[in-house]
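Pasting target-v3.txt here (compact mmCIF, C-alpha atoms and all ligand atoms):
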```txt
# COMPACT_ATOMS: atom_id res chain seq x y z
CA MET A 670 -41.48 59.48 -4.36
CA LYS A 671 -38.33 60.28 -2.38
CA TYR A 672 -38.62 56.93 -0.62
CA LEU A 673 -39.28 55.17 -3.87
CA LEU A 674 -36.16 56.74 -5.36
CA ARG A 675 -34.11 55.82 -2.34
CA GLY A 676 -35.55 52.32 -2.50
CA SER A 677 -34.64 51.84 -6.14
CA LEU A 678 -31.17 53.29 -5.55
CA PHE A 679 -30.66 50.71 -2.84
CA PHE A 680 -31.95 48.04 -5.20
CA LEU A 681 -29.54 49.21 -7.87
CA ILE A 682 -26.60 49.04 -5.49
CA VAL A 683 -27.60 45.54 -4.43
CA LEU A 684 -27.85 44.55 -8.07
CA VAL A 685 -24.45 45.93 -8.99
CA PHE A 686 -22.60 44.83 -5.84
CA PRO A 687 -24.57 41.82 -4.75
CA SER A 688 -21.78 39.66 -3.37
CA LEU A 689 -19.29 39.91 -0.58
CA PRO A 690 -16.43 42.10 -1.75
CA ALA A 691 -12.89 41.13 -2.64
CA GLU A 692 -12.31 37.59 -1.49
CA ALA A 693 -9.70 35.66 -3.33
CA VAL A 694 -10.05 32.65 -5.54
CA VAL A 695 -7.05 30.43 -5.10
CA TYR A 696 -6.51 28.63 -8.36
CA HIS A 697 -4.78 25.27 -8.14
CA PRO A 698 -3.87 23.73 -11.49
CA LEU A 699 -4.24 19.99 -11.92
CA PRO A 700 -1.21 18.50 -10.16
CA LYS A 701 0.99 15.69 -11.37
CA VAL A 702 -0.01 12.13 -10.70
CA GLU A 703 2.11 10.67 -7.95
CA HIS A 704 2.80 6.96 -7.72
CA PRO A 705 3.89 5.70 -4.27
CA ALA A 706 7.40 4.29 -3.79
CA ASN A 707 6.04 0.85 -2.91
CA ASN A 708 4.08 0.65 -6.16
CA PRO A 709 5.78 2.69 -8.87
CA TRP A 710 4.29 3.24 -12.33
CA SER A 711 5.11 0.89 -15.19
CA ILE A 712 3.31 0.43 -18.49
CA GLU A 713 3.20 -3.33 -17.85
CA LYS A 714 1.40 -2.89 -14.51
CA PHE A 715 -0.92 -0.37 -16.13
CA GLU A 716 -1.88 -2.83 -18.88
CA LEU A 717 -2.50 -5.62 -16.40
CA GLY A 718 -4.50 -3.31 -14.12
CA GLN A 719 -6.62 -2.08 -17.00
CA LYS A 720 -7.44 -5.63 -18.09
CA LEU A 721 -8.33 -6.62 -14.53
CA PHE A 722 -10.51 -3.54 -14.01
CA PHE A 723 -12.63 -4.38 -17.05
CA ASP A 724 -12.73 -8.16 -16.48
CA PRO A 725 -15.92 -9.82 -15.12
CA LEU A 726 -13.75 -12.76 -14.09
CA LEU A 727 -13.14 -10.76 -10.91
CA SER A 728 -16.64 -11.45 -9.59
CA GLY A 729 -17.92 -14.70 -8.07
CA ASP A 730 -20.30 -15.49 -10.92
CA ASN A 731 -18.12 -13.87 -13.61
CA THR A 732 -20.77 -11.29 -14.54
CA MET A 733 -19.46 -8.14 -12.91
CA SER A 734 -16.27 -6.15 -13.38
CA CYS A 735 -15.15 -3.02 -11.57
CA GLU A 736 -16.27 -1.22 -14.69
CA SER A 737 -19.84 -2.50 -14.29
CA CYS A 738 -20.25 0.17 -11.61
CA HIS A 739 -17.45 2.59 -12.49
CA LYS A 740 -18.31 3.05 -16.17
CA SER A 741 -15.63 4.55 -18.36
CA ASP A 742 -18.17 6.33 -20.60
CA LYS A 743 -20.20 7.75 -17.68
CA GLY A 744 -17.65 9.71 -15.67
CA TRP A 745 -16.65 6.40 -14.02
CA VAL A 746 -19.95 6.07 -12.13
CA ASP A 747 -23.05 3.93 -12.78
CA GLY A 748 -25.63 6.73 -12.96
CA LEU A 749 -27.75 5.04 -10.28
CA PRO A 750 -28.80 6.56 -6.95
CA ARG A 751 -27.33 3.56 -5.15
CA ALA A 752 -25.11 0.87 -6.60
CA GLU A 753 -26.52 -2.41 -7.80
CA GLY A 754 -24.42 -5.15 -6.26
CA PHE A 755 -24.16 -8.91 -6.60
CA GLN A 756 -27.11 -10.31 -8.56
CA GLY A 757 -28.93 -6.99 -8.63
CA MET A 758 -28.93 -6.32 -4.88
CA GLU A 759 -29.29 -2.58 -4.09
CA LEU A 760 -26.45 -1.32 -1.92
CA GLY A 761 -26.77 1.45 0.65
CA ARG A 762 -24.48 3.94 -1.03
CA ASN A 763 -23.97 5.79 -4.27
CA THR A 764 -21.04 4.79 -6.49
CA PRO A 765 -18.42 7.54 -6.37
CA THR A 766 -16.34 8.28 -9.44
CA ILE A 767 -12.81 6.93 -9.55
CA LEU A 768 -11.68 10.04 -11.45
CA ASN A 769 -8.85 11.64 -9.46
CA THR A 770 -9.18 9.06 -6.73
CA GLY A 771 -5.41 8.52 -6.91
CA PHE A 772 -5.04 11.96 -5.37
CA MET A 773 -7.37 11.32 -2.43
CA LYS A 774 -6.15 10.75 1.11
CA PHE A 775 -9.08 8.48 1.88
CA GLN A 776 -11.12 6.02 -0.17
CA PHE A 777 -14.88 5.36 0.22
CA TRP A 778 -17.52 7.79 1.49
CA ASP A 779 -16.48 6.98 5.05
CA GLY A 780 -12.74 6.90 4.31
CA ARG A 781 -12.28 3.34 5.57
CA ALA A 782 -9.40 2.69 3.15
CA SER A 783 -6.47 5.01 2.87
CA SER A 784 -4.78 3.64 -0.23
CA LEU A 785 -6.02 2.40 -3.58
CA GLU A 786 -4.05 -0.78 -3.02
CA GLY A 787 -6.01 -1.28 0.22
CA GLN A 788 -9.29 -0.38 -1.43
CA ALA A 789 -9.20 -2.66 -4.47
CA THR A 790 -9.55 -5.98 -2.69
CA GLN A 791 -12.66 -4.93 -0.75
CA PRO A 792 -15.28 -4.93 -3.54
CA ILE A 793 -13.88 -8.15 -4.99
CA GLN A 794 -14.43 -10.05 -1.73
CA SER A 795 -17.54 -8.26 -0.48
CA PRO A 796 -20.47 -10.69 -0.58
CA VAL A 797 -22.84 -7.89 -1.63
CA GLU A 798 -20.56 -6.58 -4.37
CA MET A 799 -18.46 -8.97 -6.45
CA ASN A 800 -18.71 -11.89 -4.02
CA GLN A 801 -15.47 -13.53 -5.07
CA ASN A 802 -13.25 -15.95 -3.23
CA ILE A 803 -9.65 -14.81 -3.65
CA ASP A 804 -8.15 -18.29 -4.01
CA GLU A 805 -10.69 -19.10 -6.71
CA LEU A 806 -9.93 -15.85 -8.49
CA ILE A 807 -6.22 -16.61 -8.49
CA GLN A 808 -6.94 -20.07 -9.92
CA GLU A 809 -9.16 -18.61 -12.64
CA LEU A 810 -6.48 -16.08 -13.59
CA ARG A 811 -3.79 -18.80 -13.62
CA ALA A 812 -5.87 -20.78 -16.08
CA GLN A 813 -5.40 -18.02 -18.67
CA SER A 814 -2.03 -17.90 -20.36
CA ASP A 815 -2.32 -14.20 -21.29
CA TYR A 816 -2.75 -13.31 -17.60
CA ILE A 817 0.30 -15.39 -16.69
CA GLN A 818 2.27 -13.44 -19.28
CA LEU A 819 0.94 -10.08 -18.07
CA PHE A 820 1.77 -10.83 -14.43
CA LYS A 821 5.22 -11.97 -15.47
CA LYS A 822 5.87 -8.78 -17.42
CA ALA A 823 4.50 -6.56 -14.65
CA PHE A 824 6.11 -8.25 -11.63
CA GLU A 825 8.96 -10.30 -13.06
CA SER A 826 7.42 -13.54 -11.84
CA GLU A 827 4.48 -15.68 -12.88
CA GLU A 828 3.15 -15.96 -9.37
CA ILE A 829 -0.30 -14.39 -9.01
CA THR A 830 -1.20 -12.93 -5.61
CA ILE A 831 -3.95 -10.68 -4.33
CA ASP A 832 -1.30 -8.10 -3.49
CA LYS A 833 -0.21 -7.94 -7.14
CA ILE A 834 -3.80 -7.77 -8.37
CA ALA A 835 -4.42 -4.79 -6.07
CA LYS A 836 -1.19 -3.06 -7.10
CA ALA A 837 -1.88 -3.38 -10.82
CA ILE A 838 -5.45 -2.07 -10.44
CA ALA A 839 -4.17 0.85 -8.35
CA VAL A 840 -1.57 1.79 -10.97
CA PHE A 841 -4.34 1.83 -13.58
CA GLU A 842 -6.67 3.89 -11.39
CA ARG A 843 -4.03 6.56 -10.73
CA THR A 844 -4.07 7.39 -14.42
CA ILE A 845 -7.77 8.19 -14.46
CA VAL A 846 -7.67 11.90 -13.87
CA SER A 847 -9.73 14.87 -14.97
CA GLY A 848 -8.57 16.76 -18.02
CA THR A 849 -8.35 20.50 -18.53
CA SER A 850 -11.67 22.27 -18.11
CA ALA A 851 -13.01 25.70 -19.06
CA TYR A 852 -12.17 26.73 -15.48
CA ASP A 853 -8.50 25.82 -16.03
CA ARG A 854 -8.37 27.47 -19.45
CA TYR A 855 -9.67 30.68 -17.89
CA TRP A 856 -6.90 30.77 -15.26
CA LEU A 857 -4.28 29.72 -17.74
CA GLY A 858 -4.95 32.88 -19.72
CA ASN A 859 -8.04 32.43 -21.91
CA LYS A 860 -10.34 35.04 -20.38
CA GLU A 861 -13.12 34.00 -22.79
CA ALA A 862 -13.23 30.48 -21.40
CA LEU A 863 -15.71 31.34 -18.64
CA SER A 864 -18.96 33.13 -19.40
CA PRO A 865 -19.89 36.15 -17.27
CA LYS A 866 -22.46 33.93 -15.57
CA ALA A 867 -19.87 31.26 -14.73
CA LEU A 868 -17.57 33.98 -13.33
CA ARG A 869 -20.38 35.20 -11.16
CA GLY A 870 -20.91 31.60 -10.02
CA MET A 871 -17.21 31.36 -9.23
CA SER A 872 -17.42 34.43 -7.05
CA LEU A 873 -20.42 32.96 -5.23
CA PHE A 874 -18.66 29.61 -4.81
CA PHE A 875 -15.65 31.24 -3.17
CA GLY A 876 -17.69 33.92 -1.41
CA LYS A 877 -21.31 34.21 -0.36
CA ALA A 878 -22.20 30.53 -0.90
CA LYS A 879 -19.22 29.36 1.22
CA CYS A 880 -18.65 26.25 -0.91
CA SER A 881 -14.88 26.63 -0.90
CA ILE A 882 -14.71 26.20 2.87
CA CYS A 883 -14.81 22.46 2.15
CA HIS A 884 -14.51 22.17 -1.62
CA THR A 885 -10.97 23.45 -1.93
CA GLY A 886 -7.67 22.66 -3.72
CA PRO A 887 -7.17 21.38 -7.26
CA PHE A 888 -9.96 18.80 -6.91
CA PHE A 889 -12.28 20.89 -4.75
CA THR A 890 -12.07 18.72 -1.64
CA ASP A 891 -10.50 19.24 1.78
CA SER A 892 -10.25 15.42 2.26
CA GLN A 893 -12.23 15.84 5.47
CA PHE A 894 -15.52 14.41 6.71
CA HIS A 895 -18.57 16.57 7.37
CA ASN A 896 -22.21 16.06 8.24
CA ILE A 897 -23.95 18.48 5.90
CA GLY A 898 -27.55 17.50 6.66
CA VAL A 899 -28.25 15.41 3.56
CA PRO A 900 -31.82 14.00 3.77
CA PRO A 901 -31.35 10.44 5.09
CA LEU A 902 -32.87 7.24 3.72
CA LYS A 903 -35.00 5.05 5.99
CA ASN A 904 -31.88 3.38 7.39
CA LYS A 905 -29.77 6.34 8.42
CA ASP A 906 -26.13 5.90 7.45
CA LYS A 907 -23.71 6.71 10.29
CA GLY A 908 -20.90 7.44 7.81
CA ARG A 909 -17.45 8.09 9.23
CA LYS A 910 -18.60 7.16 12.75
CA GLU A 911 -18.70 3.48 11.71
CA VAL A 912 -14.95 3.74 11.13
CA THR A 913 -13.72 5.93 14.00
CA GLY A 914 -16.45 5.46 16.62
CA GLU A 915 -16.31 9.20 17.26
CA ILE A 916 -19.62 10.88 18.04
CA PHE A 917 -18.61 13.93 16.06
CA HIS A 918 -18.35 11.73 12.96
CA GLU A 919 -22.02 10.71 13.13
CA GLY A 920 -23.48 11.21 9.63
CA ALA A 921 -20.21 12.67 8.34
CA PHE A 922 -19.01 11.75 4.85
CA LYS A 923 -15.95 12.55 2.79
CA THR A 924 -16.13 15.80 0.86
CA PRO A 925 -16.28 14.64 -2.76
CA GLY A 926 -14.21 16.39 -5.40
CA LEU A 927 -16.16 18.49 -7.90
CA ARG A 928 -14.18 18.17 -11.11
CA ASP A 929 -16.40 16.63 -13.82
CA VAL A 930 -19.24 16.79 -11.30
CA ASN A 931 -21.91 17.16 -13.98
CA LEU A 932 -20.95 13.70 -15.28
CA THR A 933 -21.08 11.91 -11.94
CA GLY A 934 -24.67 12.12 -10.68
CA PRO A 935 -26.77 11.12 -8.80
CA TYR A 936 -25.23 12.98 -5.88
CA MET A 937 -24.35 12.50 -2.19
CA HIS A 938 -23.45 9.31 -0.32
CA ASN A 939 -27.02 8.05 -0.68
CA GLY A 940 -27.64 9.34 -4.21
CA ILE A 941 -30.61 11.34 -2.94
CA PHE A 942 -30.25 14.12 -5.54
CA THR A 943 -30.50 13.45 -9.25
CA THR A 944 -29.42 16.84 -10.55
CA LEU A 945 -27.03 19.62 -9.62
CA GLU A 946 -30.01 22.00 -9.51
CA GLN A 947 -31.35 19.92 -6.62
CA VAL A 948 -27.95 20.02 -4.89
CA ILE A 949 -27.83 23.81 -5.16
CA GLU A 950 -31.39 24.07 -3.85
CA PHE A 951 -30.39 21.83 -0.93
CA TYR A 952 -27.43 24.05 0.01
CA ASP A 953 -29.51 27.19 -0.41
CA GLN A 954 -31.94 25.85 2.18
CA GLY A 955 -29.16 24.76 4.53
CA GLY A 956 -29.81 21.01 4.69
CA VAL A 957 -32.11 19.08 7.02
CA ASN A 958 -31.86 19.49 10.78
CA ASP A 959 -29.26 17.27 12.35
CA SER A 960 -27.69 17.76 15.76
CA ASN A 961 -24.28 17.00 14.27
CA LYS A 962 -24.58 19.23 11.21
CA SER A 963 -21.58 21.37 10.24
CA PRO A 964 -21.94 24.99 11.41
CA PHE A 965 -21.02 26.05 7.88
CA ILE A 966 -24.21 24.64 6.41
CA THR A 967 -26.84 27.30 6.92
CA PRO A 968 -29.43 28.82 4.55
CA ILE A 969 -27.65 30.99 1.98
CA GLY A 970 -30.42 33.06 0.39
CA LEU A 971 -29.55 32.73 -3.29
CA ASN A 972 -31.84 34.26 -5.90
CA THR A 973 -32.68 32.46 -9.13
CA HIS A 974 -29.93 34.19 -11.08
CA GLU A 975 -27.37 33.26 -8.43
CA LYS A 976 -28.47 29.62 -8.44
CA GLU A 977 -28.11 29.51 -12.22
CA SER A 978 -24.68 31.14 -11.97
CA LEU A 979 -23.48 28.61 -9.43
CA LEU A 980 -24.68 25.82 -11.71
CA GLU A 981 -22.84 27.32 -14.67
CA PHE A 982 -19.68 27.49 -12.59
CA LEU A 983 -20.02 23.81 -11.57
CA ASN A 984 -20.55 22.90 -15.24
CA SER A 985 -17.34 24.75 -16.14
CA LEU A 986 -15.39 22.17 -14.12
CA THR A 987 -16.05 19.48 -16.75
CA SER A 988 -13.04 18.19 -18.67
CA ASP A 989 -12.83 19.18 -22.30
CA SER A 990 -14.34 16.36 -24.33
CA GLY A 991 -12.46 13.11 -24.64
CA ASP A 992 -9.97 14.24 -22.06
CA THR A 993 -11.16 12.44 -18.95
CA TYR A 994 -9.39 9.15 -19.45
CA GLN A 995 -5.64 9.45 -19.64
CA ASN A 996 -4.26 5.97 -20.05
CA THR A 997 -0.76 7.18 -19.57
CA ALA A 998 1.23 8.25 -16.57
CA GLU A 999 2.67 11.23 -18.39
CA PRO A 1000 2.33 13.88 -15.70
CA SER A 1001 0.49 17.06 -16.53
CA SER A 1002 2.88 19.67 -17.87
CA ILE A 1003 1.77 22.35 -15.42
CA ASP A 1004 3.60 22.59 -12.12
CA PRO A 1005 1.40 23.09 -9.08
CA ILE A 1006 1.31 26.80 -8.39
CA GLU A 1007 -1.18 29.02 -6.73
CA LYS A 1008 -2.51 32.20 -8.16
CA LYS A 1009 -4.28 34.53 -5.82
CA VAL A 1010 -6.42 36.87 -7.81
CA PRO A 1011 -9.21 39.10 -6.58
CA ILE A 1012 -12.53 37.93 -7.86
CA PRO A 1013 -14.95 40.16 -9.70
CA THR A 1014 -17.46 41.69 -7.30
CA LYS A 1015 -19.54 43.44 -9.93
CA ARG A 1016 -22.38 41.81 -11.74
CA VAL A 1017 -20.97 41.63 -15.23
CA ASP A 1018 -23.81 40.32 -17.36
C1 LIG A 1101 -21.48 -3.11 -7.36
C2 LIG A 1101 -20.89 -1.90 -7.86
C3 LIG A 1101 -19.40 -1.74 -7.66
C4 LIG A 1101 -18.39 -2.56 -8.13
C5 LIG A 1101 -18.52 -3.84 -8.89
C6 LIG A 1101 -17.16 -1.91 -7.75
N1 LIG A 1101 -17.42 -0.75 -7.08
FE1 LIG A 1101 -16.06 0.59 -6.46
N2 LIG A 1101 -17.49 1.52 -5.38
C7 LIG A 1101 -18.82 1.22 -5.40
C8 LIG A 1101 -19.50 1.91 -4.32
C9 LIG A 1101 -20.97 1.87 -3.99
C10 LIG A 1101 -18.49 2.64 -3.64
C11 LIG A 1101 -18.68 3.48 -2.37
C12 LIG A 1101 -18.79 2.54 -1.20
C13 LIG A 1101 -18.65 3.22 0.14
O1 LIG A 1101 -18.25 4.38 0.21
O2 LIG A 1101 -18.92 2.57 1.16
C14 LIG A 1101 -17.25 2.39 -4.35
C15 LIG A 1101 -16.02 2.98 -4.05
C16 LIG A 1101 -14.88 2.80 -4.79
C17 LIG A 1101 -13.67 3.58 -4.64
C18 LIG A 1101 -13.46 4.75 -3.70
C19 LIG A 1101 -13.68 6.06 -4.42
C20 LIG A 1101 -13.84 7.23 -3.50
O3 LIG A 1101 -13.84 8.35 -3.97
O4 LIG A 1101 -13.99 7.04 -2.29
C21 LIG A 1101 -12.75 3.07 -5.53
C22 LIG A 1101 -11.33 3.56 -5.76
C23 LIG A 1101 -13.38 1.97 -6.19
N3 LIG A 1101 -14.68 1.84 -5.74
C24 LIG A 1101 -12.75 1.12 -7.10
C25 LIG A 1101 -13.30 -0.10 -7.48
C26 LIG A 1101 -12.53 -1.21 -8.05
C27 LIG A 1101 -11.05 -1.20 -8.32
C28 LIG A 1101 -13.43 -2.21 -8.29
C29 LIG A 1101 -13.14 -3.59 -8.84
C30 LIG A 1101 -12.19 -4.38 -8.09
C31 LIG A 1101 -14.74 -1.73 -7.88
N4 LIG A 1101 -14.61 -0.47 -7.37
C32 LIG A 1101 -15.90 -2.44 -8.02
C33 LIG A 1101 -19.43 0.39 -6.30
C34 LIG A 1101 -18.77 -0.62 -6.97
C1 LIG A 1102 -19.09 21.94 5.43
C2 LIG A 1102 -18.42 21.48 4.23
C3 LIG A 1102 -19.12 21.71 2.90
C4 LIG A 1102 -19.57 22.90 2.35
C5 LIG A 1102 -19.52 24.27 2.96
C6 LIG A 1102 -20.11 22.56 1.04
N1 LIG A 1102 -19.98 21.21 0.81
FE1 LIG A 1102 -20.57 20.23 -0.86
N2 LIG A 1102 -20.21 18.45 0.08
C7 LIG A 1102 -19.62 18.31 1.31
C8 LIG A 1102 -19.73 16.93 1.73
C9 LIG A 1102 -19.21 16.33 3.03
C10 LIG A 1102 -20.45 16.25 0.71
C11 LIG A 1102 -20.92 14.80 0.75
C12 LIG A 1102 -22.06 14.73 1.76
C13 LIG A 1102 -22.84 13.44 1.83
O1 LIG A 1102 -22.85 12.68 0.88
O2 LIG A 1102 -23.49 13.25 2.87
C14 LIG A 1102 -20.70 17.26 -0.33
C15 LIG A 1102 -21.31 16.99 -1.55
C16 LIG A 1102 -21.44 17.90 -2.58
C17 LIG A 1102 -21.86 17.59 -3.93
C18 LIG A 1102 -22.19 16.20 -4.45
C19 LIG A 1102 -21.00 15.61 -5.16
C20 LIG A 1102 -21.14 14.14 -5.43
O3 LIG A 1102 -20.29 13.65 -6.19
O4 LIG A 1102 -22.02 13.47 -4.91
C21 LIG A 1102 -21.86 18.76 -4.64
C22 LIG A 1102 -22.23 18.93 -6.10
C23 LIG A 1102 -21.46 19.80 -3.73
N3 LIG A 1102 -21.20 19.25 -2.49
C24 LIG A 1102 -21.37 21.15 -4.06
C25 LIG A 1102 -21.28 22.15 -3.10
C26 LIG A 1102 -21.59 23.55 -3.34
C27 LIG A 1102 -22.05 24.12 -4.67
C28 LIG A 1102 -21.43 24.19 -2.14
C29 LIG A 1102 -21.72 25.65 -1.83
C30 LIG A 1102 -23.10 26.06 -2.05
C31 LIG A 1102 -20.99 23.21 -1.16
N4 LIG A 1102 -20.93 21.98 -1.78
C32 LIG A 1102 -20.68 23.48 0.16
C33 LIG A 1102 -19.06 19.31 2.06
C34 LIG A 1102 -19.37 20.66 1.91
```

Show the structure stored in the file as structure tokens.
Amino acid sequence: MKYLLRGSLFFLIVLVFPSLPAEAVVYHPLPKVEHPANNPWSIEKFELGQKLFFDPLLSGDNTMSCESCHKSDKGWVDGLPRAEGFQGMELGRNTPTILNTGFMKFQFWDGRASSLEGQATQPIQSPVEMNQNIDELIQELRAQSDYIQLFKKAFESEEITIDKIAKAIAVFERTIVSGTSAYDRYWLGNKEALSPKALRGMSLFFGKAKCSICHTGPFFTDSQFHNIGVPPLKNKDKGRKEVTGEIFHEGAFKTPGLRDVNLTGPYMHNGIFTTLEQVIEFYDQGGVNDSNKSPFITPIGLNTHEKESLLEFLNSLTSDSGDTYQNTAEPSSIDPIEKKVPIPTKRVD
């Protein structure tokens, strides 16, 4: 009986104080959109970029636009495990969202482009994606008087070049940013915005589950590359190593941001997980064995309630409805500040 009592007391303590104590959540509000000096914002460039992004004229057979894969009503992804390229060909990687991509240091899962201007021309010319010849594209655009007018307004000359196409698309993409989420509303003063379960998930995310080691900052990414032991497809993707040649980059991919993450599945560079539940299960088990796996990816030991809490926290990062597509460069009104606040360590529900 004494042992039983002691046992249940221990159980009670574990239940009430189940997480690591007093770590801090660093809250980063959504920062302002920054446009680089060599390609400043203008409404004219935005309008041209938007038209180009949605225009199937950009592909070799005029059937596929950027938006065919980065769908504006689907969190700017295609909802497929791996992208469907030129004439239905399955590509090796999952389509990442272009939400917040204007804030990222690197583009693509392996970071092979460092600017949006540098990124944009790659899918257009890639034979497995849009399969377009640039000279032909320029001719096709020249044949349309509204494009000539748009280029003239945006760049003060009628001349159409690949450089201008890329710049206009990049200006448009920089305006596609996540809106305010329940997570933001909570930190901006509405303590009702997060449910007790989501708060518990937040404390796990920044504590026991170690997610914030890599998913950090306003967009929940460290802009680094890690091998996290994602189950590979038959043809194992070398990831960042293809770009740098470094052995330590074998199987390493860019840490994706997590804002609006419940809109952007399937997940991981190879789209191997369909749901966030599967992603959480994967992290709980510590990934598959891989000699190059990050030392931070180890089994966590989450119980069912903790897994549900983590999921609720991830869901709280979704923009309030209708807020994901800001076709304006009006910067967010909140200045980047950090608030260091101790996180709740008690189970509150
Ligand atoms: C066939 C589907 C498809 C089309 C069409 C397409 N993309 Fe993508 N996009 C992808 C895939 C797949 C990736 C990831 C490829 C990789 O990492 O190797 C990607 C990556 C990106 C990224 C990098 C995002 C990040 O977080 O790393 C940007 C930006 C982007 N595309 C913009 C565009 C633009 C602009 C166009 C039109 C010119 C376009 N895409 C056309 C499928 C597509
Ligand atoms: C060691 C760094 C690291 C840690 C720790 C980490 N992640 Fe990740 N996360 C990544 C990387 C890198 C990827 C992409 C991996 C790939 O595709 O191979 C990723 C992918 C994801 C994705 C998929 C997003 C998408 O758009 O495909 C989700 C969701 C996610 N992580 C959530 C979490 C959660 C929840 C935790 C904590 C339990 C966590 N991560 C811990 C680095 C990390």

Specify the axis-aligned box that encloses all atoms of ligand LIG 1102 (chain A) listed in the file after padding of 4 Å on each side, stating its centre and edge lengths in Å to one decimal as AutoDock Vina command-line options.
```
--center_x -21.0 --center_y 19.4 --center_z -0.4 --size_x 13.1 --size_y 21.4 --size_z 19.6
```

Report task. Enter the distance from CA of Ile831 in chain A to CA of Met733 in chain A, in Å, rounded to one decimal. Result ->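 Straight-line distance from CA of Ile831 in chain A to CA of Met733 in chain A works out to 17.9 Å.
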
Report task. Excluding range 791-793 of chain A and residues on its chain fewer than 4 positions from it, collect all residues at most 12 Å away from it, counting only C-alpha atoms, and give them as JSON, numbers by chain. Result -> {"A": [721, 722, 724, 725, 726, 727, 728, 729, 730, 731, 733, 734, 735, 736, 737, 738, 739, 752, 754, 755, 760, 764, 776, 777, 781, 782, 784, 785, 786, 787, 797, 798, 799, 800, 801, 802, 803, 804, 805, 806, 807, 831, 834, 835, 838]}

Requested in this report: Using all atoms listed in the file, find the one residue out of A:Pro935, A:Gly898, A:Pro968, A:Pro709 that sits nearest to ligand LIG 1101 (chain A).
Outcome: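 The answer is A:Pro935, which sits nearest to ligand LIG 1101 (chain A).
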
Query raised in the report: Out of A:Phe824, A:Phe723, A:Phe715, A:Phe917, which residue has the shortest atom-to-atom distance to Asn896 in chain A when counting all atoms listed in the file?
Result: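 So, comparing all the options, the nearest one is A:Phe917.
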
Report task. List all protein, DNA and RNA residues that have at least one atom no more than 8 Å from any atom of ligand LIG 1102 (chain A), counting all atoms listed in the file, and write them as a PyMOL selection string. Result -> chain A and resi 763+765-766+778+874+878-884+890+893-899+920-927+930+933-940+945+948-949+952-953+963-966+969+979-980+983

Requested in this report: Please work out which residues fall within 8 Å of (-2.5, 10.4, -3.8), coordinates as given in the file, with only C-alpha atoms counting, and return them as a PyMOL selection string.
Outcome: chain A and resi 702-705+770-774+784

**Report entry** Nearest residue to Glu950 in chain A from the set A:Gln818, A:Asn972, A:Thr844, A:Ser872 (distances using all atoms listed in the file)
**Finding:** A:Asn972

Requested in this report: Considering all atoms listed in the file, state which residue in the set A:Lys822, A:Asp779, A:Pro796, A:Thr973 is at the smallest distance from Ile712 in chain A.
Outcome: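 Selected residue with least distance to Ile712 in chain A: A:Lys822.
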
Report task. State, in Å with one decimal place, the distance from CA of Asn904 in chain A to atom C14 of ligand LIG 1101 (chain A). Result -> 18.8 Å

Query raised in the report: Given the choices A:Glu919, A:Asp929, A:Asp989, A:Glu713, which gets closest to Val840 in chain A if the distance is worked out from all atoms listed in the file?
Result: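 Using all atoms listed in the file, the shortest distance to Val840 in chain A belongs to A:Glu713.
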
Query - Interatomic distance (Å, one decimal) between CA of His918 in chain A and CA of Lys962 in chain A - result: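 Between CA of His918 in chain A and CA of Lys962 in chain A the gap is 9.9 Å.
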
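Remark: for Ala867 in chain A, the closest of the candidate residues A:Tyr855, A:Glu828, A:Arg843, A:Ser892 is A:Tyr855 (distances computed over all atoms listed in the file).
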
Requested in this report: Scan for residues within 6 Å of the point (-14.8, 22.4, -16.5) in the coordinates of the file, using only C-alpha atoms, and reply as a PyMOL selection string.
Outcome: chain A and resi 850-852+984-988

Would you mind exporting the chosen residues as a PDB file, in the coordinates of the input, restricted to C-alpha atoms?
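Everything below was put into selection.pdb:
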```
ATOM      1  CA  SER A 850     -11.670  22.270 -18.110  1.00  0.00           C
ATOM      2  CA  ALA A 851     -13.010  25.700 -19.060  1.00  0.00           C
ATOM      3  CA  TYR A 852     -12.170  26.730 -15.480  1.00  0.00           C
ATOM      4  CA  ASN A 984     -20.550  22.900 -15.240  1.00  0.00           C
ATOM      5  CA  SER A 985     -17.340  24.750 -16.140  1.00  0.00           C
ATOM      6  CA  LEU A 986     -15.390  22.170 -14.120  1.00  0.00           C
ATOM      7  CA  THR A 987     -16.050  19.480 -16.750  1.00  0.00           C
ATOM      8  CA  SER A 988     -13.040  18.190 -18.670  1.00  0.00           C
TER       9      SER A 988
END
```
